[in-house]
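Okay, start_32.txt is below, compact mmCIF, C-alpha atoms and all ligand atoms:
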# COMPACT_ATOMS: atom_id res chain seq x y z
CA MET I 1 -20.18 78.91 5.56
CA LYS I 2 -18.04 77.32 2.90
CA PRO I 3 -14.28 77.54 3.59
CA LEU I 4 -12.58 80.34 1.65
CA THR I 5 -9.01 80.66 0.45
CA GLU I 6 -6.80 83.67 1.03
CA GLN I 7 -7.17 84.57 -2.64
CA GLU I 8 -10.97 84.42 -2.49
CA ILE I 9 -10.98 86.58 0.63
CA ARG I 10 -8.66 89.21 -0.85
CA ALA I 11 -10.79 89.36 -4.00
CA ALA I 12 -13.97 89.86 -1.95
CA PHE I 13 -13.19 93.25 -0.38
CA VAL I 14 -15.71 95.90 -1.39
CA ASN I 15 -14.26 98.96 0.35
CA CYS I 16 -10.49 98.82 -0.21
CA THR I 17 -8.22 99.89 -3.00
CA LYS I 18 -6.42 97.13 -4.89
CA GLY I 19 -3.19 98.00 -3.09
CA GLU I 20 -4.82 97.79 0.34
CA THR I 21 -6.44 94.50 -0.57
CA LYS I 22 -3.04 93.04 -1.43
CA ARG I 23 -1.39 94.22 1.77
CA LEU I 24 -4.06 93.66 4.39
CA SER I 25 -3.67 90.90 6.92
CA VAL I 26 -5.57 87.67 6.22
CA PRO I 27 -5.47 84.93 8.91
CA ARG I 28 -2.80 82.33 8.23
CA ASP I 29 -4.80 79.60 9.92
CA LEU I 30 -7.70 79.58 7.45
CA ALA I 31 -7.66 75.78 7.37
CA GLU I 32 -8.28 75.67 11.14
CA GLN I 33 -11.22 78.09 11.21
CA PRO I 34 -14.51 76.54 12.42
CA TRP I 35 -16.13 77.27 9.04
CA GLU I 36 -19.20 75.12 9.58
CA ASP I 37 -20.08 77.18 12.66
CA LEU I 38 -19.40 80.53 11.00
CA ASP I 39 -21.91 82.84 9.35
CA TYR I 40 -19.05 85.19 8.67
CA LEU I 41 -15.33 85.12 9.34
CA GLY I 42 -14.05 88.12 11.26
CA TRP I 43 -10.52 88.92 12.39
CA ARG I 44 -8.23 91.69 13.49
CA ASP I 45 -4.80 92.54 12.16
CA PRO I 46 -2.42 91.25 14.86
CA GLN I 47 0.03 94.06 13.96
CA ALA I 48 -2.67 96.73 14.05
CA PRO I 49 -5.57 95.65 16.29
CA ASP I 50 -7.65 98.71 15.35
CA ARG I 51 -8.01 97.19 11.90
CA ALA I 52 -10.72 94.57 11.69
CA TYR I 53 -12.00 92.62 8.73
CA LEU I 54 -14.89 90.37 7.97
CA VAL I 55 -16.01 88.21 5.08
CA VAL I 56 -19.47 86.75 4.53
CA GLU I 57 -21.06 84.84 1.71
CA LEU I 58 -24.07 86.65 0.25
CA ASP I 59 -26.03 85.10 -2.62
CA GLY I 60 -23.21 82.62 -3.12
CA ARG I 61 -20.46 85.24 -3.41
CA PRO I 62 -18.01 86.25 -0.69
CA LYS I 63 -18.12 89.92 0.33
CA ALA I 64 -15.49 91.34 2.64
CA LEU I 65 -15.28 94.58 4.58
CA ALA I 66 -12.35 96.47 6.04
CA LEU I 67 -13.26 98.11 9.35
CA ARG I 68 -11.66 100.42 11.87
CA SER I 69 -12.41 100.05 15.53
CA ALA I 70 -11.01 100.85 18.91
CA ALA I 71 -8.88 97.98 20.21
CA THR I 72 -10.66 95.45 22.43
CA GLY I 73 -11.40 96.53 25.97
CA SER I 74 -10.61 100.17 25.44
CA GLY I 75 -12.45 101.78 28.30
CA GLN I 76 -15.98 100.97 27.23
CA SER I 77 -17.24 98.94 30.15
CA ARG I 78 -20.93 99.64 29.89
CA ARG I 79 -23.10 96.92 28.50
CA SER I 80 -23.94 97.26 24.87
CA MET I 81 -25.53 95.09 22.25
CA CYS I 82 -24.02 93.84 19.04
CA THR I 83 -26.24 95.01 16.19
CA MET I 84 -25.45 91.90 14.14
CA CYS I 85 -26.07 88.99 16.53
CA LEU I 86 -27.89 90.92 19.30
CA THR I 87 -25.59 89.61 22.04
CA THR I 88 -25.06 92.00 24.95
CA HIS I 89 -21.57 92.23 26.42
CA SER I 90 -19.94 94.34 29.09
CA GLY I 91 -17.20 96.08 27.15
CA GLY I 92 -17.19 93.45 24.44
CA VAL I 93 -18.88 95.45 21.71
CA SER I 94 -16.96 97.91 19.55
CA LEU I 95 -18.03 100.62 17.17
CA MET I 96 -16.69 99.36 13.85
CA VAL I 97 -16.46 101.91 11.08
CA ALA I 98 -16.29 100.91 7.43
CA PRO I 99 -15.17 103.41 4.79
CA LYS I 100 -17.78 103.45 2.06
CA ALA I 101 -16.97 101.72 -1.20
CA GLY I 102 -15.58 103.70 -4.14
CA LYS I 103 -15.50 107.47 -4.43
CA ALA I 104 -17.65 108.08 -1.37
CA GLY I 105 -15.08 106.27 0.76
CA GLN I 106 -12.18 108.19 -0.75
CA GLN I 107 -14.02 111.37 0.20
CA GLY I 108 -14.07 110.17 3.80
CA ASN I 109 -17.61 108.83 4.05
CA SER I 110 -18.07 105.84 6.29
CA VAL I 111 -20.72 103.70 7.94
CA GLY I 112 -20.54 102.46 11.51
CA ALA I 113 -22.10 99.64 13.48
CA TYR I 114 -21.69 98.18 16.95
CA ILE I 115 -20.31 94.67 16.52
CA CYS I 116 -18.88 92.03 18.91
CA SER I 117 -15.27 93.17 19.47
CA ASP I 118 -13.91 89.69 18.76
CA LEU I 119 -16.08 89.38 15.63
CA ALA I 120 -17.31 86.01 16.88
CA CYS I 121 -21.07 86.64 16.50
CA SER I 122 -21.55 83.18 14.97
CA LEU I 123 -20.17 81.49 18.07
CA TYR I 124 -22.30 83.56 20.46
CA VAL I 125 -25.42 82.81 18.43
CA ARG I 126 -24.65 79.07 18.64
CA GLY I 127 -23.80 79.21 22.36
CA LYS I 128 -20.22 78.11 21.56
CA ARG I 129 -18.78 81.19 23.18
CA ASP I 130 -20.18 82.66 26.37
CA ALA I 131 -20.62 86.39 26.83
CA GLY I 132 -21.75 86.11 30.46
CA ILE I 133 -25.02 86.17 32.35
CA GLY I 134 -27.86 87.94 30.60
CA ALA I 135 -25.88 88.17 27.40
CA ARG I 136 -28.68 86.88 25.28
CA LEU I 137 -32.31 87.82 25.70
CA PRO I 138 -34.55 84.81 26.15
CA GLU I 139 -35.99 84.21 22.70
CA THR I 140 -38.34 81.65 21.29
CA ILE I 141 -37.02 81.74 17.74
CA SER I 142 -34.91 78.84 16.50
CA LEU I 143 -31.17 78.82 15.97
CA GLU I 144 -31.74 78.86 12.20
CA GLU I 145 -33.80 82.03 12.55
CA LYS I 146 -31.12 83.66 14.72
CA ILE I 147 -28.47 82.75 12.15
CA ARG I 148 -30.61 84.15 9.35
CA ARG I 149 -31.14 87.34 11.35
CA THR I 150 -27.39 87.79 11.89
CA VAL I 151 -26.70 87.34 8.18
CA THR I 152 -29.56 89.70 7.29
CA ASN I 153 -28.16 92.36 9.63
CA LEU I 154 -24.72 91.94 8.14
CA ALA I 155 -26.06 92.08 4.59
CA ALA I 156 -27.84 95.34 5.44
CA PHE I 157 -24.59 96.77 6.80
CA ILE I 158 -22.68 95.77 3.67
CA ALA I 159 -25.45 97.26 1.53
CA LYS I 160 -24.96 100.59 3.34
CA VAL I 161 -21.22 100.43 2.68
CA THR I 162 -21.67 99.75 -1.02
CA SER I 163 -24.64 102.03 -1.65
ZN ZN R 201 -22.16 89.96 17.57

Translate this file's structure into structure tokens.
Amino acid sequence: MKPLTEQEIRAAFVNCTKGETKRLSVPRDLAEQPWEDLDYLGWRDPQAPDRAYLVVELDGRPKALALRSAATGSGQSRRSMCTMCLTTHSGGVSLMVAPKAGKAGQQGNSVGAYICSDLACSLYVRGKRDAGIGARLPETISLEEKIRRTVTNLAAFIAKVTS
């Protein structure tokens, strides 16, 4: 994806109030992110690891989500599959819950999905990060198709948050 600035990321949040958007933690090392290998940028708040965020470019516009999840490695040791990139990890997938956008979110409605706890789907898809033996099902589709599938899954998740 195309590198984004802090300002662009803050402006892209679809399920936060303006105040939250201003205060939330955006990585300081944006310049060092491996943008060309990323389909989306995901991170956790170092001060509050149960807060996770991601930003993806859809139809040329960045869209960002605020998520809540259990901190990494919290008890869940059974193998589960990330619903975005379809990588299977032992204990490396978290249920991430996004408050819905607008009024529905203020009323407490949310949407959840199982996502790689480190939000590094792009790197698993490209084989740049290893999730262990049997992490990825043998597939005959190309890397481009896997990337497209990850982005499609993410777009569907964002659509549920904003619907
Ligand atoms: Zn994943």

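The space separating atom CA of I:Thr152 from atom CA of I:Tyr114 comes to 15.1 Å.
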
For ligand ZN 201 (chain R), collect every residue having any atom at a distance of at most 7 Å from a ligand atom (counting all atoms listed in the file); output as a PDB file with C-alpha atoms, keeping the file's coordinate frame.
ATOM      1  CA  CYS I  82     -24.020  93.840  19.040  1.00  0.00           C
ATOM      2  CA  THR I  83     -26.240  95.010  16.190  1.00  0.00           C
ATOM      3  CA  MET I  84     -25.450  91.900  14.140  1.00  0.00           C
ATOM      4  CA  CYS I  85     -26.070  88.990  16.530  1.00  0.00           C
ATOM      5  CA  LEU I  86     -27.890  90.920  19.300  1.00  0.00           C
ATOM      6  CA  THR I  87     -25.590  89.610  22.040  1.00  0.00           C
ATOM      7  CA  ILE I 115     -20.310  94.670  16.520  1.00  0.00           C
ATOM      8  CA  CYS I 116     -18.880  92.030  18.910  1.00  0.00           C
ATOM      9  CA  LEU I 119     -16.080  89.380  15.630  1.00  0.00           C
ATOM     10  CA  ALA I 120     -17.310  86.010  16.880  1.00  0.00           C
ATOM     11  CA  CYS I 121     -21.070  86.640  16.500  1.00  0.00           C
TER      12      CYS I 121
END

Please build the interface table for stretch 68-144 of chain I against stretch 35-57 of chain I with a cut-off of 10 Å, listing for each qualifying residue the nearest atom pair and the distance in Å to one decimal; count only C-alpha atoms, order rows by chain and increasing number, and write it as CSV.
residue,atom,partner,partner_atom,distance
I:Arg68,CA,I:Arg51,CA,4.9
I:Ser69,CA,I:Asp50,CA,4.9
I:Ala70,CA,I:Asp50,CA,5.3
I:Ala71,CA,I:Asp50,CA,5.1
I:Thr72,CA,I:Pro49,CA,8.0
I:Met96,CA,I:Ala52,CA,8.0
I:Val97,CA,I:Ala52,CA,9.3
I:Ala98,CA,I:Tyr53,CA,9.4
I:Cys116,CA,I:Gly42,CA,9.9
I:Ser117,CA,I:Ala52,CA,9.1
I:Asp118,CA,I:Trp43,CA,7.3
I:Leu119,CA,I:Gly42,CA,5.0
I:Ala120,CA,I:Gly42,CA,6.8
I:Cys121,CA,I:Asp39,CA,8.1
I:Ser122,CA,I:Leu38,CA,5.2
I:Leu123,CA,I:Asp37,CA,6.9
I:Val125,CA,I:Asp37,CA,9.7
I:Arg126,CA,I:Asp37,CA,7.8
I:Lys128,CA,I:Asp37,CA,8.9

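With atom CA of I:Ala11 on one side and atom CA of I:Val26 on the other, the separation reads 11.6 Å.
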
Might you pull out every residue within 7 Å of I:Val161, with all atoms listed in the file counted and same-chain residues fewer than 3 positions away left off, and present them as a VMD selection string? chain I and resid 98 100 to 101 111 157 to 158

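Close to (-22.9, 90.7, 30.5), meaning no more than 7 Å away when counting all atoms listed in the file, sit the residues Arg79, Thr88, His89, Ser90, Ala131, Gly132, Ile133, Gly134 and Ala135 of chain I.
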
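Take atom CA of I:Lys22 and atom CA of I:Ala159: the distance between them is 23.0 Å.
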
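Proximity ranking of I:Pro27, I:Ala64, I:Asp59, I:Asp130 relative to I:Arg10 places I:Ala64 first, based on only C-alpha atoms.
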
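Shortest atom-to-atom contact with I:Ser25 among I:Ala66, I:Arg148, I:Thr140, I:Lys2: I:Ala66, counting only C-alpha atoms.
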
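Taking all atoms listed in the file into account, the residues near (-10.8, 98.1, 4.9), no farther than 6 Å, are Asn15, Cys16, Leu65, Ala66 and Leu67 of chain I.
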
Reconstruct all heavy atoms of stretch 78-89 of chain I from the incomplete input and present them as an mmCIF file, keeping the file's coordinate frame.
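See part-v3.cif below for the written result:
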data_model
loop_
_atom_site.group_PDB
_atom_site.id
_atom_site.type_symbol
_atom_site.label_atom_id
_atom_site.label_comp_id
_atom_site.auth_asym_id
_atom_site.auth_seq_id
_atom_site.Cartn_x
_atom_site.Cartn_y
_atom_site.Cartn_z
ATOM 1 N N ARG I 78 -19.484 99.805 29.743
ATOM 2 C CA ARG I 78 -20.930 99.640 29.890
ATOM 3 C C ARG I 78 -21.424 98.586 28.926
ATOM 4 O O ARG I 78 -20.800 98.298 27.918
ATOM 5 C CB ARG I 78 -21.644 100.975 29.710
ATOM 6 C CG ARG I 78 -21.560 101.513 28.335
ATOM 7 C CD ARG I 78 -22.100 102.923 28.277
ATOM 8 N NE ARG I 78 -21.969 103.409 26.919
ATOM 9 C CZ ARG I 78 -22.872 103.154 25.973
ATOM 10 N NH1 ARG I 78 -23.953 102.468 26.251
ATOM 11 N NH2 ARG I 78 -22.676 103.592 24.755
ATOM 12 N N ARG I 79 -22.554 98.010 29.304
ATOM 13 C CA ARG I 79 -23.100 96.920 28.500
ATOM 14 C C ARG I 79 -23.651 97.489 27.200
ATOM 15 O O ARG I 79 -24.352 98.492 27.204
ATOM 16 C CB ARG I 79 -24.223 96.214 29.256
ATOM 17 C CG ARG I 79 -23.715 95.464 30.466
ATOM 18 C CD ARG I 79 -24.858 94.951 31.308
ATOM 19 N NE ARG I 79 -25.542 93.833 30.642
ATOM 20 C CZ ARG I 79 -25.085 92.594 30.650
ATOM 21 N NH1 ARG I 79 -23.964 92.308 31.261
ATOM 22 N NH2 ARG I 79 -25.747 91.625 30.052
ATOM 23 N N SER I 80 -23.328 96.850 26.117
ATOM 24 C CA SER I 80 -23.940 97.260 24.870
ATOM 25 C C SER I 80 -24.213 96.027 24.026
ATOM 26 O O SER I 80 -23.676 94.954 24.279
ATOM 27 C CB SER I 80 -23.080 98.272 24.125
ATOM 28 O OG SER I 80 -21.726 97.986 24.289
ATOM 29 N N MET I 81 -25.052 96.230 23.033
ATOM 30 C CA MET I 81 -25.530 95.090 22.250
ATOM 31 C C MET I 81 -24.948 95.131 20.849
ATOM 32 O O MET I 81 -24.904 96.183 20.210
ATOM 33 C CB MET I 81 -27.055 95.126 22.183
ATOM 34 C CG MET I 81 -27.655 93.865 21.555
ATOM 35 S SD MET I 81 -29.429 94.025 21.254
ATOM 36 C CE MET I 81 -30.060 93.418 22.806
ATOM 37 N N CYS I 82 -24.495 93.977 20.409
ATOM 38 C CA CYS I 82 -24.020 93.840 19.040
ATOM 39 C C CYS I 82 -25.223 93.964 18.106
ATOM 40 O O CYS I 82 -26.242 93.305 18.302
ATOM 41 C CB CYS I 82 -23.343 92.483 18.871
ATOM 42 S SG CYS I 82 -22.974 92.063 17.158
ATOM 43 N N THR I 83 -25.095 94.804 17.089
ATOM 44 C CA THR I 83 -26.240 95.010 16.190
ATOM 45 C C THR I 83 -26.338 93.911 15.131
ATOM 46 O O THR I 83 -27.286 93.900 14.361
ATOM 47 C CB THR I 83 -26.139 96.377 15.486
ATOM 48 O OG1 THR I 83 -24.867 96.463 14.832
ATOM 49 C CG2 THR I 83 -26.261 97.513 16.483
ATOM 50 N N MET I 84 -25.371 93.011 15.090
ATOM 51 C CA MET I 84 -25.450 91.900 14.140
ATOM 52 C C MET I 84 -26.129 90.686 14.784
ATOM 53 O O MET I 84 -27.112 90.164 14.274
ATOM 54 C CB MET I 84 -24.050 91.490 13.656
ATOM 55 C CG MET I 84 -23.308 92.601 12.952
ATOM 56 S SD MET I 84 -24.163 93.184 11.488
ATOM 57 C CE MET I 84 -23.712 94.911 11.499
ATOM 58 N N CYS I 85 -25.563 90.229 15.921
ATOM 59 C CA CYS I 85 -26.070 88.990 16.530
ATOM 60 C C CYS I 85 -26.939 89.248 17.756
ATOM 61 O O CYS I 85 -27.486 88.315 18.333
ATOM 62 C CB CYS I 85 -24.910 88.075 16.892
ATOM 63 S SG CYS I 85 -23.871 88.698 18.222
ATOM 64 N N LEU I 86 -27.068 90.516 18.171
ATOM 65 C CA LEU I 86 -27.890 90.920 19.300
ATOM 66 C C LEU I 86 -27.444 90.311 20.629
ATOM 67 O O LEU I 86 -28.246 90.095 21.522
ATOM 68 C CB LEU I 86 -29.390 90.629 19.054
ATOM 69 C CG LEU I 86 -29.983 91.112 17.730
ATOM 70 C CD1 LEU I 86 -31.507 90.985 17.755
ATOM 71 C CD2 LEU I 86 -29.605 92.552 17.405
ATOM 72 N N THR I 87 -26.147 90.026 20.756
ATOM 73 C CA THR I 87 -25.590 89.610 22.040
ATOM 74 C C THR I 87 -25.184 90.862 22.801
ATOM 75 O O THR I 87 -24.647 91.796 22.218
ATOM 76 C CB THR I 87 -24.344 88.718 21.822
ATOM 77 O OG1 THR I 87 -24.729 87.591 21.038
ATOM 78 C CG2 THR I 87 -23.750 88.240 23.142
ATOM 79 N N THR I 88 -25.457 90.869 24.115
ATOM 80 C CA THR I 88 -25.060 92.000 24.950
ATOM 81 C C THR I 88 -23.805 91.630 25.725
ATOM 82 O O THR I 88 -23.740 90.559 26.319
ATOM 83 C CB THR I 88 -26.192 92.347 25.940
ATOM 84 O OG1 THR I 88 -27.372 92.580 25.190
ATOM 85 C CG2 THR I 88 -25.853 93.587 26.745
ATOM 86 N N HIS I 89 -22.806 92.465 25.677
ATOM 87 C CA HIS I 89 -21.570 92.230 26.420
ATOM 88 C C HIS I 89 -21.282 93.435 27.290
ATOM 89 O O HIS I 89 -21.643 94.539 26.952
ATOM 90 C CB HIS I 89 -20.343 92.135 25.506
ATOM 91 C CG HIS I 89 -20.432 91.173 24.396
ATOM 92 N ND1 HIS I 89 -19.832 89.950 24.443
ATOM 93 C CD2 HIS I 89 -21.016 91.254 23.188
ATOM 94 C CE1 HIS I 89 -20.028 89.326 23.297
ATOM 95 N NE2 HIS I 89 -20.742 90.085 22.515
#
